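Visitor: Next comes model.cif, mmCIF, C-alpha atoms:
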data_model
loop_
_atom_site.label_atom_id
_atom_site.label_comp_id
_atom_site.auth_asym_id
_atom_site.auth_seq_id
_atom_site.Cartn_x
_atom_site.Cartn_y
_atom_site.Cartn_z
CA MET A 1 -15.90 20.87 -11.03
CA ILE A 2 -15.45 17.08 -10.72
CA LYS A 3 -13.87 15.57 -13.75
CA SER A 4 -13.88 11.99 -15.01
CA LYS A 5 -10.65 9.99 -14.88
CA ARG A 6 -9.41 7.19 -17.02
CA LEU A 7 -9.04 3.79 -15.40
CA LEU A 8 -5.59 2.58 -14.46
CA ALA A 9 -4.27 -0.76 -15.59
CA ALA A 10 -4.55 -3.36 -12.84
CA GLY A 11 -0.80 -3.58 -12.38
CA LEU A 12 -0.51 0.15 -11.72
CA ALA A 13 -3.49 0.34 -9.40
CA ALA A 14 -1.99 -2.35 -7.20
CA SER A 15 0.52 0.15 -5.86
CA LEU A 16 -2.20 2.39 -4.42
CA VAL A 17 -4.62 1.61 -1.60
CA LEU A 18 -8.25 2.68 -2.07
CA ALA A 19 -10.07 3.74 1.08
CA ALA A 20 -13.85 3.61 0.83
CA CYS A 21 -15.75 6.59 2.19
CA GLY A 22 -17.45 6.28 5.56
CA ASP A 23 -15.50 3.27 6.88
CA ASP A 24 -13.61 5.12 9.61
CA ASP A 25 -15.70 6.02 12.65
CA ASP A 26 -12.95 7.88 14.51
CA THR A 27 -13.54 11.56 15.08
CA ALA A 28 -10.59 13.90 14.41
CA ASP A 29 -9.81 17.12 16.25
CA GLU A 30 -11.82 20.20 15.41
CA PRO A 31 -10.22 22.29 12.66
CA ALA A 32 -8.11 25.32 13.44
CA ASP A 33 -9.33 28.83 12.69
CA GLU A 34 -8.93 30.14 9.17
CA PRO A 35 -5.21 30.15 8.32
CA THR A 36 -3.33 33.18 7.15
CA GLU A 37 -2.54 33.24 3.44
CA GLU A 38 0.29 34.75 1.46
CA PRO A 39 -0.61 36.73 -1.67
CA ALA A 40 -1.07 34.58 -4.74
CA GLU A 41 -2.11 35.00 -8.32
CA GLU A 42 -5.76 34.67 -9.21
CA PRO A 43 -6.66 31.00 -9.84
CA ALA A 44 -7.14 29.91 -13.41
CA GLU A 45 -10.56 30.76 -14.84
CA GLU A 46 -12.97 27.83 -14.70
CA PRO A 47 -14.48 26.53 -17.95
CA ALA A 48 -17.93 27.90 -18.71
CA GLU A 49 -19.89 24.75 -17.81
CA GLU A 50 -22.92 24.13 -15.67
CA PRO A 51 -22.00 23.09 -12.10
CA SER A 52 -22.61 19.52 -11.04
CA GLU A 53 -25.79 18.94 -9.05
CA GLU A 54 -24.33 16.04 -7.07
CA PRO A 55 -22.70 16.57 -3.65
CA ALA A 56 -19.06 17.48 -4.25
CA GLY A 57 -17.52 14.90 -1.94
CA GLU A 58 -19.38 11.89 -3.35
CA SER A 59 -17.51 11.60 -6.62
CA PHE A 60 -14.00 12.91 -6.24
CA ASN A 61 -10.89 11.13 -5.11
CA VAL A 62 -7.87 12.48 -3.25
CA GLY A 63 -4.46 10.98 -3.95
CA LEU A 64 -2.51 11.20 -0.68
CA THR A 65 1.16 10.41 -1.26
CA PHE A 66 3.07 9.99 1.98
CA ASP A 67 6.70 10.67 2.63
CA ILE A 68 9.00 7.69 3.25
CA GLY A 69 7.78 5.79 6.29
CA GLY A 70 4.14 6.16 5.34
CA ARG A 71 1.12 5.66 7.53
CA GLY A 72 2.13 4.34 10.93
CA ASP A 73 5.16 6.55 11.63
CA GLN A 74 3.39 7.96 14.74
CA SER A 75 4.37 11.47 13.67
CA PHE A 76 4.37 13.47 10.41
CA ASN A 77 2.73 11.00 8.03
CA ASP A 78 0.19 9.89 10.61
CA SER A 79 -0.91 13.49 11.09
CA ALA A 80 -1.60 13.72 7.35
CA ALA A 81 -3.47 10.41 7.52
CA GLU A 82 -5.65 11.77 10.31
CA GLY A 83 -6.61 14.69 8.07
CA ILE A 84 -7.67 12.52 5.13
CA ASP A 85 -9.52 10.11 7.41
CA ARG A 86 -11.49 13.06 8.72
CA ALA A 87 -12.26 14.14 5.16
CA VAL A 88 -13.68 10.68 4.49
CA ASP A 89 -15.99 11.00 7.50
CA GLU A 90 -17.06 14.61 7.05
CA LEU A 91 -16.83 15.26 3.31
CA GLY A 92 -17.63 11.87 1.84
CA VAL A 93 -14.52 11.71 -0.32
CA THR A 94 -12.61 8.61 -1.29
CA PHE A 95 -8.83 8.50 -1.35
CA THR A 96 -5.89 6.45 -2.51
CA GLU A 97 -2.65 6.45 -0.57
CA ALA A 98 0.87 5.62 -1.65
CA GLU A 99 4.40 5.70 -0.23
CA PRO A 100 7.70 6.15 -2.09
CA ASN A 101 10.26 3.39 -2.24
CA ALA A 102 13.21 3.41 0.15
CA ASP A 103 15.27 5.94 -1.81
CA GLY A 104 12.30 8.04 -2.95
CA SER A 105 13.23 7.61 -6.60
CA ASN A 106 9.65 6.86 -7.70
CA ARG A 107 8.00 10.01 -6.35
CA ALA A 108 7.14 11.39 -9.79
CA GLU A 109 5.74 8.04 -10.92
CA LEU A 110 3.49 7.81 -7.87
CA LEU A 111 2.26 11.37 -8.36
CA GLN A 112 1.30 10.59 -11.95
CA LEU A 113 -0.50 7.41 -10.90
CA GLN A 114 -2.42 9.43 -8.34
CA ALA A 115 -3.22 12.15 -10.90
CA ASP A 116 -4.61 9.52 -13.27
CA GLN A 117 -7.44 8.79 -10.85
CA SER A 118 -7.69 11.83 -8.56
CA ASP A 119 -8.96 15.40 -8.69
CA LEU A 120 -6.61 16.47 -5.88
CA VAL A 121 -3.14 15.05 -5.24
CA ILE A 122 -1.31 15.85 -2.00
CA GLY A 123 2.42 15.29 -1.54
CA VAL A 124 3.25 14.93 2.16
CA GLY A 125 6.67 16.53 2.47
CA PHE A 126 8.83 19.15 0.77
CA LEU A 127 10.70 16.50 -1.21
CA PHE A 128 7.65 16.26 -3.48
CA ALA A 129 7.85 19.92 -4.54
CA GLY A 130 9.95 19.58 -7.69
CA ASP A 131 8.13 16.52 -8.94
CA VAL A 132 4.74 18.10 -8.20
CA ALA A 133 5.66 21.14 -10.29
CA THR A 134 6.54 18.87 -13.21
CA VAL A 135 3.58 16.51 -12.93
CA ALA A 136 1.12 19.38 -12.34
CA ALA A 137 2.18 21.00 -15.60
CA GLU A 138 1.37 17.75 -17.40
CA ASN A 139 -2.00 17.39 -15.64
CA PRO A 140 -3.67 20.83 -15.73
CA ASP A 141 -7.09 19.41 -14.82
CA THR A 142 -5.83 18.00 -11.51
CA ASN A 143 -5.04 20.13 -8.47
CA PHE A 144 -1.94 19.51 -6.37
CA ALA A 145 -0.80 20.50 -2.88
CA VAL A 146 2.54 20.02 -1.12
CA VAL A 147 3.00 19.95 2.65
CA ASP A 148 6.08 21.90 3.79
CA ASP A 149 6.76 23.78 0.56
CA ALA A 150 5.25 27.16 -0.40
CA MET A 151 5.14 26.26 -4.10
CA LEU A 152 6.03 29.86 -4.93
CA ASP A 153 8.62 31.21 -7.37
CA PHE A 154 10.61 33.52 -5.12
CA ASP A 155 12.94 34.46 -7.97
CA ASN A 156 9.94 35.94 -9.74
CA GLY A 157 8.27 37.93 -6.98
CA GLY A 158 6.78 34.98 -5.10
CA VAL A 159 4.11 34.06 -7.66
CA PRO A 160 2.74 30.50 -7.63
CA ILE A 161 4.92 27.99 -9.48
CA CYS A 162 1.83 26.66 -11.23
CA GLU A 163 -1.85 27.59 -11.32
CA ASN A 164 -2.96 24.20 -10.03
CA CYS A 165 -0.40 23.98 -7.16
CA ALA A 166 -0.89 25.00 -3.52
CA GLY A 167 1.64 25.11 -0.70
CA LEU A 168 0.86 24.22 2.92
CA THR A 169 3.55 25.49 5.28
CA PHE A 170 3.94 25.92 9.03
CA ALA A 171 5.61 28.21 11.54
CA GLU A 172 7.51 25.33 13.15
CA GLU A 173 9.77 27.76 14.98
CA GLN A 174 6.80 29.20 16.89
CA GLY A 175 5.56 25.86 18.21
CA SER A 176 9.14 24.84 18.96
CA PHE A 177 9.62 28.03 21.00
CA LEU A 178 6.83 26.90 23.32
CA VAL A 179 8.19 23.40 23.86
CA GLY A 180 11.66 24.89 24.35
CA ALA A 181 10.24 27.02 27.15
CA ALA A 182 8.53 23.92 28.58
CA ALA A 183 11.83 22.06 28.47
CA ALA A 184 13.67 24.80 30.35
CA LEU A 185 10.89 25.02 32.94
CA ASN A 186 11.28 21.30 33.65
CA SER A 187 15.06 20.98 33.45
CA GLU A 188 16.94 20.50 36.70
CA SER A 189 20.37 20.10 35.14
CA GLY A 190 20.29 23.23 33.00
CA THR A 191 21.20 21.19 29.92
CA LEU A 192 18.87 20.26 27.05
CA GLY A 193 19.27 18.28 23.84
CA PHE A 194 17.91 18.67 20.31
CA ILE A 195 17.91 15.81 17.78
CA GLY A 196 17.24 16.78 14.19
CA GLY A 197 16.47 14.10 11.63
CA VAL A 198 18.20 15.69 8.65
CA GLY A 199 20.10 18.97 8.56
CA GLY A 200 21.41 21.15 5.81
CA PHE A 201 18.24 22.18 3.98
CA GLY A 202 16.69 24.72 6.33
CA LEU A 203 13.45 23.12 7.51
CA ILE A 204 14.59 21.22 10.60
CA GLU A 205 16.81 24.15 11.55
CA LYS A 206 13.58 26.11 12.15
CA PHE A 207 12.65 23.61 14.88
CA GLN A 208 16.08 23.95 16.47
CA ALA A 209 16.03 27.76 16.32
CA GLY A 210 12.64 28.03 17.96
CA PHE A 211 13.48 25.45 20.63
CA GLU A 212 16.67 27.25 21.58
CA ALA A 213 14.95 30.65 21.67
CA GLY A 214 12.13 29.38 23.89
CA ALA A 215 14.52 27.69 26.31
CA LYS A 216 16.66 30.82 26.60
CA ALA A 217 13.59 32.98 27.17
CA VAL A 218 13.17 31.02 30.41
CA ASN A 219 16.84 30.55 31.28
CA PRO A 220 19.36 32.66 29.32
CA ASP A 221 22.23 30.56 30.69
CA ILE A 222 20.84 27.17 29.66
CA THR A 223 23.04 24.79 27.66
CA ILE A 224 21.61 23.14 24.53
CA ILE A 225 23.28 20.25 22.71
CA PRO A 226 22.11 19.93 19.08
CA GLN A 227 22.86 17.00 16.80
CA TYR A 228 21.52 15.88 13.43
CA ILE A 229 21.30 12.22 12.45
CA THR A 230 22.18 12.83 8.79
CA GLN A 231 22.78 15.74 6.46
CA ALA A 232 20.95 16.34 3.18
CA PRO A 233 20.84 14.82 0.63
CA ASP A 234 20.87 11.76 2.91
CA PHE A 235 17.33 11.72 4.30
CA ASP A 236 17.61 8.41 6.15
CA GLY A 237 17.79 10.40 9.38
CA PHE A 238 14.01 10.52 9.44
CA VAL A 239 13.75 6.72 9.62
CA ALA A 240 16.65 5.79 11.93
CA PRO A 241 15.31 5.18 15.47
CA ASP A 242 18.35 3.13 16.51
CA ARG A 243 20.66 6.04 15.68
CA ALA A 244 18.38 8.49 17.50
CA ARG A 245 18.48 6.25 20.58
CA GLU A 246 22.30 6.26 20.56
CA ILE A 247 22.44 10.04 20.21
CA ALA A 248 19.90 10.55 22.99
CA LEU A 249 21.75 8.28 25.41
CA ALA A 250 24.97 10.21 24.70
CA MET A 251 23.15 13.50 25.38
CA TYR A 252 21.79 12.19 28.66
CA ASP A 253 25.37 11.16 29.53
CA GLN A 254 26.40 14.79 28.94
CA GLY A 255 23.85 16.01 31.46
CA ALA A 256 20.80 16.72 29.34
CA ASP A 257 17.59 15.90 31.17
CA VAL A 258 15.11 17.00 28.46
CA ILE A 259 15.60 16.24 24.73
CA TYR A 260 13.41 17.44 21.86
CA HIS A 261 13.37 15.64 18.53
CA ALA A 262 12.34 16.79 15.07
CA ALA A 263 13.20 13.54 13.35
CA GLY A 264 10.01 11.84 12.20
CA ALA A 265 9.93 8.10 12.82
CA SER A 266 13.40 8.27 14.39
CA GLY A 267 11.80 9.87 17.45
CA ALA A 268 10.82 6.43 18.70
CA GLY A 269 14.48 5.89 19.51
CA LEU A 270 14.53 9.01 21.71
CA PHE A 271 11.53 7.76 23.67
CA GLU A 272 13.21 4.39 24.22
CA ALA A 273 16.36 6.14 25.45
CA ALA A 274 14.39 8.31 27.90
CA ALA A 275 12.69 5.26 29.39
CA GLU A 276 15.95 3.27 29.49
CA ARG A 277 17.95 6.01 31.19
CA SER A 278 15.21 6.89 33.68
CA GLU A 279 14.70 3.30 34.74
CA SER A 280 18.40 2.44 34.97
CA SER A 281 19.43 5.59 36.85
CA GLY A 282 16.40 6.10 39.06
CA THR A 283 16.30 9.76 37.96
CA LYS A 284 13.63 10.73 35.47
CA VAL A 285 14.67 12.31 32.19
CA TRP A 286 12.28 13.63 29.57
CA ALA A 287 11.65 13.47 25.84
CA ILE A 288 9.61 15.90 23.73
CA GLY A 289 7.73 14.70 20.66
CA VAL A 290 6.88 16.44 17.40
CA ASP A 291 4.14 16.85 14.78
CA SER A 292 1.51 14.60 16.41
CA ASP A 293 0.67 14.37 20.12
CA GLN A 294 3.17 11.57 20.61
CA TYR A 295 2.02 10.78 24.14
CA ASN A 296 -1.05 9.34 22.42
CA THR A 297 0.76 7.60 19.55
CA ALA A 298 3.85 6.15 21.26
CA ASP A 299 4.04 2.76 22.96
CA ALA A 300 2.52 2.70 26.43
CA ALA A 301 5.89 1.76 27.95
CA VAL A 302 7.39 5.16 27.07
CA GLN A 303 4.39 7.47 27.51
CA GLU A 304 5.32 8.63 31.00
CA TYR A 305 8.60 10.06 29.67
CA ILE A 306 7.06 12.28 26.98
CA LEU A 307 6.77 15.70 28.59
CA THR A 308 4.91 17.34 25.69
CA SER A 309 4.90 17.40 21.89
CA MET A 310 5.18 20.25 19.41
CA LEU A 311 1.96 20.00 17.43
CA LYS A 312 2.20 20.65 13.71
CA ARG A 313 -1.34 20.45 12.38
CA VAL A 314 -0.72 18.66 9.12
CA ASP A 315 -4.09 17.01 9.72
CA VAL A 316 -5.83 20.39 9.58
CA ALA A 317 -3.94 21.42 6.44
CA VAL A 318 -4.84 18.19 4.62
CA PHE A 319 -8.48 18.43 5.65
CA GLU A 320 -8.79 22.10 4.68
CA ILE A 321 -7.22 21.73 1.23
CA THR A 322 -9.53 18.75 0.61
CA SER A 323 -12.48 20.84 1.76
CA ALA A 324 -11.40 23.61 -0.62
CA GLN A 325 -11.36 21.10 -3.47
CA ALA A 326 -14.84 19.93 -2.46
CA ASP A 327 -16.41 23.39 -2.40
CA GLY A 328 -14.56 24.74 -5.43
CA SER A 329 -12.41 27.26 -3.56
CA PHE A 330 -9.01 25.64 -4.26
CA ALA A 331 -6.49 28.33 -5.22
CA ALA A 332 -2.80 28.40 -6.03
CA GLY A 333 -0.47 30.00 -3.52
CA ASN A 334 0.78 29.31 -0.02
CA THR A 335 -1.21 28.94 3.18
CA VAL A 336 0.74 29.44 6.42
CA TYR A 337 -0.34 27.65 9.60
CA ASP A 338 1.07 29.50 12.60
CA LEU A 339 0.22 30.14 16.26
CA SER A 340 -2.39 32.77 15.36
CA VAL A 341 -4.59 30.04 13.86
CA ASP A 342 -3.38 27.22 16.14
CA GLY A 343 -1.59 25.69 13.16
CA VAL A 344 1.23 24.82 15.58
CA GLY A 345 1.21 24.46 19.34
CA TYR A 346 2.02 22.09 22.19
CA SER A 347 0.27 19.17 23.87
CA THR A 348 -0.67 18.68 27.51
CA SER A 349 -1.46 14.96 27.41
CA GLY A 350 -0.16 13.14 30.46
CA ASP A 351 -0.66 16.23 32.65
CA PHE A 352 3.10 16.62 33.15
CA LEU A 353 3.03 20.40 32.63
CA THR A 354 1.78 22.24 35.71
CA GLU A 355 -0.92 24.91 35.61
CA ASP A 356 1.70 27.59 36.30
CA GLN A 357 3.87 26.30 33.44
CA ILE A 358 0.94 26.25 31.04
CA ALA A 359 0.11 29.81 32.06
CA GLN A 360 3.68 30.86 31.20
CA LEU A 361 3.51 29.09 27.84
CA GLU A 362 0.20 30.77 27.04
CA ASP A 363 1.74 34.14 27.88
CA PHE A 364 4.62 33.41 25.49
CA LYS A 365 2.09 32.36 22.84
CA ALA A 366 0.19 35.64 23.20
CA GLN A 367 3.44 37.62 22.85
CA ILE A 368 4.38 35.71 19.70
CA VAL A 369 0.96 36.23 18.15
CA ASP A 370 0.92 39.98 18.89
CA GLY A 371 4.48 40.43 17.64
CA THR A 372 6.13 41.23 20.97
CA ILE A 373 8.31 38.15 20.53
CA GLU A 374 9.74 37.46 17.08
CA VAL A 375 10.93 33.87 16.90
CA PRO A 376 14.09 33.24 14.83
CA THR A 377 14.06 30.68 12.03
CA THR A 378 17.78 29.93 12.01
CA PRO A 379 19.86 28.74 15.00
CA GLU A 380 22.42 31.02 16.60
CA GLY A 381 25.96 30.44 15.40
#
As a first step, turn the structure in this file into structure tokens.
Guide:
Amino acid sequence: MIKSKRLLAAGLAASLVLAACGDDDDTADEPADEPTEEPAEEPAEEPAEEPSEEPAGESFNVGLTFDIGGRGDQSFNDSAAEGIDRAVDELGVTFTEAEPNADGSNRAELLQLQADQSDLVIGVGFLFAGDVATVAAENPDTNFAVVDDAMLDFDNGGVPICENCAGLTFAEEQGSFLVGAAAALNSESGTLGFIGGVGGFGLIEKFQAGFEAGAKAVNPDITIIPQYITQAPDFDGFVAPDRAREIALAMYDQGADVIYHAAGASGAGLFEAAAERSESSGTKVWAIGVDSDQYNTADAAVQEYILTSMLKRVDVAVFEITSAQADGSFAAGNTVYDLSVDGVGYSTSGDFLTEDQIAQLEDFKAQIVDGTIEVPTTPEG
């Protein structure tokens, strides 16, 4: 049921951007199939009131709170933005968007500001999980969702942390397996690179583990050079393209001819390095993008060096949780987006992957979905 919200003071509202419904004419990708869901407790019982007769989307607001870097990062945040923009077009919702300050210290404040005027608040990134749990408890009439955190209490049997919290997680290792195989199929040197934005907290290691497993499924003797820009709790590695460029150039110097990044906005530095090295040496080297189809989001000058991208359908997750809010089916618990529902995958923009290579990747995908291949979530060693 849509609930009324109190008005924010003008000074507070200035930190949020209101997007009017129906202004964006772009059409987003079609949604993935129904995602798989982990068991969750029954949602809280709704109050015994008559349902509203007005269309659900016309009078509720979504508070989309980006991770650092915000809209325009050409990767993770932009994928979430695509999902909410689609919800505006198809569901008639309005939304406010916000971005944390440079050190992320105002996440809880932003979530509360969003809750003051929204029926659904979405935190884009696992770093929102703790603050969402706190703010959700203080705002029981608002629903919350967190991208990249299950929002489950694993110390208590995996029950939802709160009745108005949902988790939206992904099988990043599965999509990374496929681009790892693509990298090995296109490598002439037998050496690959992996650049992680931030290590030490488990998420980006899933990308590395899948990439390595996919590459070795093609060539068991392949060499892979991994490096992380920063280690948690320093999360600047997701917004450090200059550092990513330096690391990529060093990897190319060591013989890598395909490098995959899972580093958010820092990936732009990898693409610059691929173009720079290819043009200076006369021998083409490749980069692999992440989250969005980065062939379509990167600068035109580097497009021809982006072999493929690992697609992480944050756009689908954001749209589907908004749709659930609109039709009254929002429920606590975790929804997993994996290869079986095309929640992860790989892109073919640029036509750099051959038909034979795509056929091999599709065969790997089928084996992952049917359980023949079990993709690891932690790197070897």
Visitor: Could you spell out the hits of the PyMOL selection byres ((chain A and resi 172-186) around 7) on the shown file, as an mmCIF file with C-alpha atoms, in the coordinates of the input?
Guide:
data_model
loop_
_atom_site.group_PDB
_atom_site.id
_atom_site.type_symbol
_atom_site.label_atom_id
_atom_site.label_comp_id
_atom_site.auth_asym_id
_atom_site.auth_seq_id
_atom_site.Cartn_x
_atom_site.Cartn_y
_atom_site.Cartn_z
ATOM 1 C CA PHE A 170 3.940 25.920 9.030
ATOM 2 C CA ALA A 171 5.610 28.210 11.540
ATOM 3 C CA SER A 187 15.060 20.980 33.450
ATOM 4 C CA GLU A 188 16.940 20.500 36.700
ATOM 5 C CA LYS A 206 13.580 26.110 12.150
ATOM 6 C CA PHE A 207 12.650 23.610 14.880
ATOM 7 C CA ALA A 209 16.030 27.760 16.320
ATOM 8 C CA GLY A 210 12.640 28.030 17.960
ATOM 9 C CA PHE A 211 13.480 25.450 20.630
ATOM 10 C CA GLU A 212 16.670 27.250 21.580
ATOM 11 C CA ALA A 213 14.950 30.650 21.670
ATOM 12 C CA GLY A 214 12.130 29.380 23.890
ATOM 13 C CA ALA A 215 14.520 27.690 26.310
ATOM 14 C CA ALA A 217 13.590 32.980 27.170
ATOM 15 C CA VAL A 218 13.170 31.020 30.410
ATOM 16 C CA ASN A 219 16.840 30.550 31.280
ATOM 17 C CA VAL A 258 15.110 17.000 28.460
ATOM 18 C CA MET A 310 5.180 20.250 19.410
ATOM 19 C CA LEU A 311 1.960 20.000 17.430
ATOM 20 C CA LEU A 339 0.220 30.140 16.260
ATOM 21 C CA VAL A 344 1.230 24.820 15.580
ATOM 22 C CA GLY A 345 1.210 24.460 19.340
ATOM 23 C CA TYR A 346 2.020 22.090 22.190
ATOM 24 C CA LEU A 361 3.510 29.090 27.840
ATOM 25 C CA VAL A 375 10.930 33.870 16.900
ATOM 26 C CA PRO A 376 14.090 33.240 14.830
ATOM 27 C CA THR A 377 14.060 30.680 12.030
#
Visitor: Skip A:Ala274 itself and residues of its chain fewer than 6 positions away, then list as a PyMOL selection string all residues within 9 Å of it, counting only C-alpha atoms.
Guide: chain A and resi 245+248-249+252+257-259+284-287+302+305-306
Visitor: Do you know which residues are at most 8 Å from A:Ile229 counting only C-alpha atoms, after dropping those on the same chain fewer than 3 positions away, and could you put them as a short mmCIF file (atom, residue, chain, number, x, y, z; two decimals) with C-alpha atoms, in the frame of the given file?
Guide:
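The file below, selection-v7.cif, is the result:
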data_model
loop_
_atom_site.label_atom_id
_atom_site.label_comp_id
_atom_site.auth_asym_id
_atom_site.auth_seq_id
_atom_site.Cartn_x
_atom_site.Cartn_y
_atom_site.Cartn_z
CA ILE A 195 17.91 15.81 17.78
CA GLY A 196 17.24 16.78 14.19
CA GLY A 197 16.47 14.10 11.63
CA VAL A 198 18.20 15.69 8.65
CA GLY A 199 20.10 18.97 8.56
CA GLY A 237 17.79 10.40 9.38
CA ALA A 240 16.65 5.79 11.93
CA ARG A 243 20.66 6.04 15.68
CA ALA A 244 18.38 8.49 17.50
#
Visitor: Show me as a list in words the residues that reach within 10 Å of (4.2, 6.1, 25.9), counting all atoms listed in the file and using the file's own coordinates.
Guide: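 Within the cut-off we find Ala268, Phe271, Glu272, Ala275, Gln294, Tyr295, Asn296, Thr297, Ala298, Asp299, Ala300, Ala301, Val302, Gln303, Glu304, Tyr305, Ile306 and Gly350 of chain A.
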Visitor: Could you tell me which residues the PyMOL selection byres ((chain A and resi 77) around 10) returns for this structure, as a list in words?
Guide: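 Applying the PyMOL selection byres ((chain A and resi 77) around 10) to the structure shown produces Thr65, Phe66, Asp67, Ile68, Gly69, Gly70, Arg71, Gly72, Asp73, Gln74, Ser75, Phe76, Asp78, Ser79, Ala80, Ala81, Glu82, Glu99, Val124, Gly125, Gly264, Ala265, Asp291, Ser292, Val314 and Asp315 of chain A.
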Visitor: Here's the selection I'm unsure about, the PyMOL selection byres ((chain A and resi 254) around 12); applied to the file above, which residues does it give, as a PyMOL selection string?
Guide: chain A and resi 189-193+223-226+247-253+255-259
Visitor: Please measure the separation of atom CA of A:Thr142 and atom CA of A:Leu120, giving the value in Å to one decimal.
Guide: 5.9 Å
Visitor: Between atom CA of A:Pro100 and atom CA of A:Phe201, what is the distance, to one decimal in Å?
Guide: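 Computing it gives 20.1 Å between the two atoms.
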Visitor: Have a look at atom CA of A:Asp148 and atom CA of A:Thr169 and let me know their distance in Å, one decimal.
Guide: 4.6 Å
Visitor: Give, as JSON, the centre coordinates and the x, y and z edge lengths in Å to one decimal for an axis-aligned box around all listed atoms of stretch 87-101 of chain A, padded by 3 Å on each side.
Guide:
{"center_x": -3.7, "center_y": 9.3, "center_z": 2.5, "size_x": 33.9, "size_y": 17.9, "size_z": 16.0}
Visitor: Would you please work out which residue, of A:Ile84, A:Ala331, A:Ile358, A:Val290, is nearest to A:Ala166 when using only C-alpha atoms?
Guide: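 Closest to A:Ala166, using only C-alpha atoms: A:Ala331.
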Visitor: When distances are computed from only C-alpha atoms, which of A:Met151, A:Ala87, A:Ala262, A:Val336 shows the smallest separation from A:Ala324?
Guide: A:Ala87
Visitor: Find the residue from A:Ile222, A:Leu307, A:Ala366, A:Ala232 that sits nearest to A:Gly202; use all atoms listed in the file when measuring.
Guide: A:Ala232
Visitor: Please provide as a list in words all residues within 9 Å of A:Gln114, with the sequence filter that same-chain residues fewer than 4 positions apart are discarded (counting only C-alpha atoms).
Guide: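 Contacts, in chain order: Leu16, Val62, Gly63, Leu64, Thr65, Thr96, Glu97, Ala98, Glu109, Leu110, Ser118, Asp119, Leu120 and Val121 of chain A.
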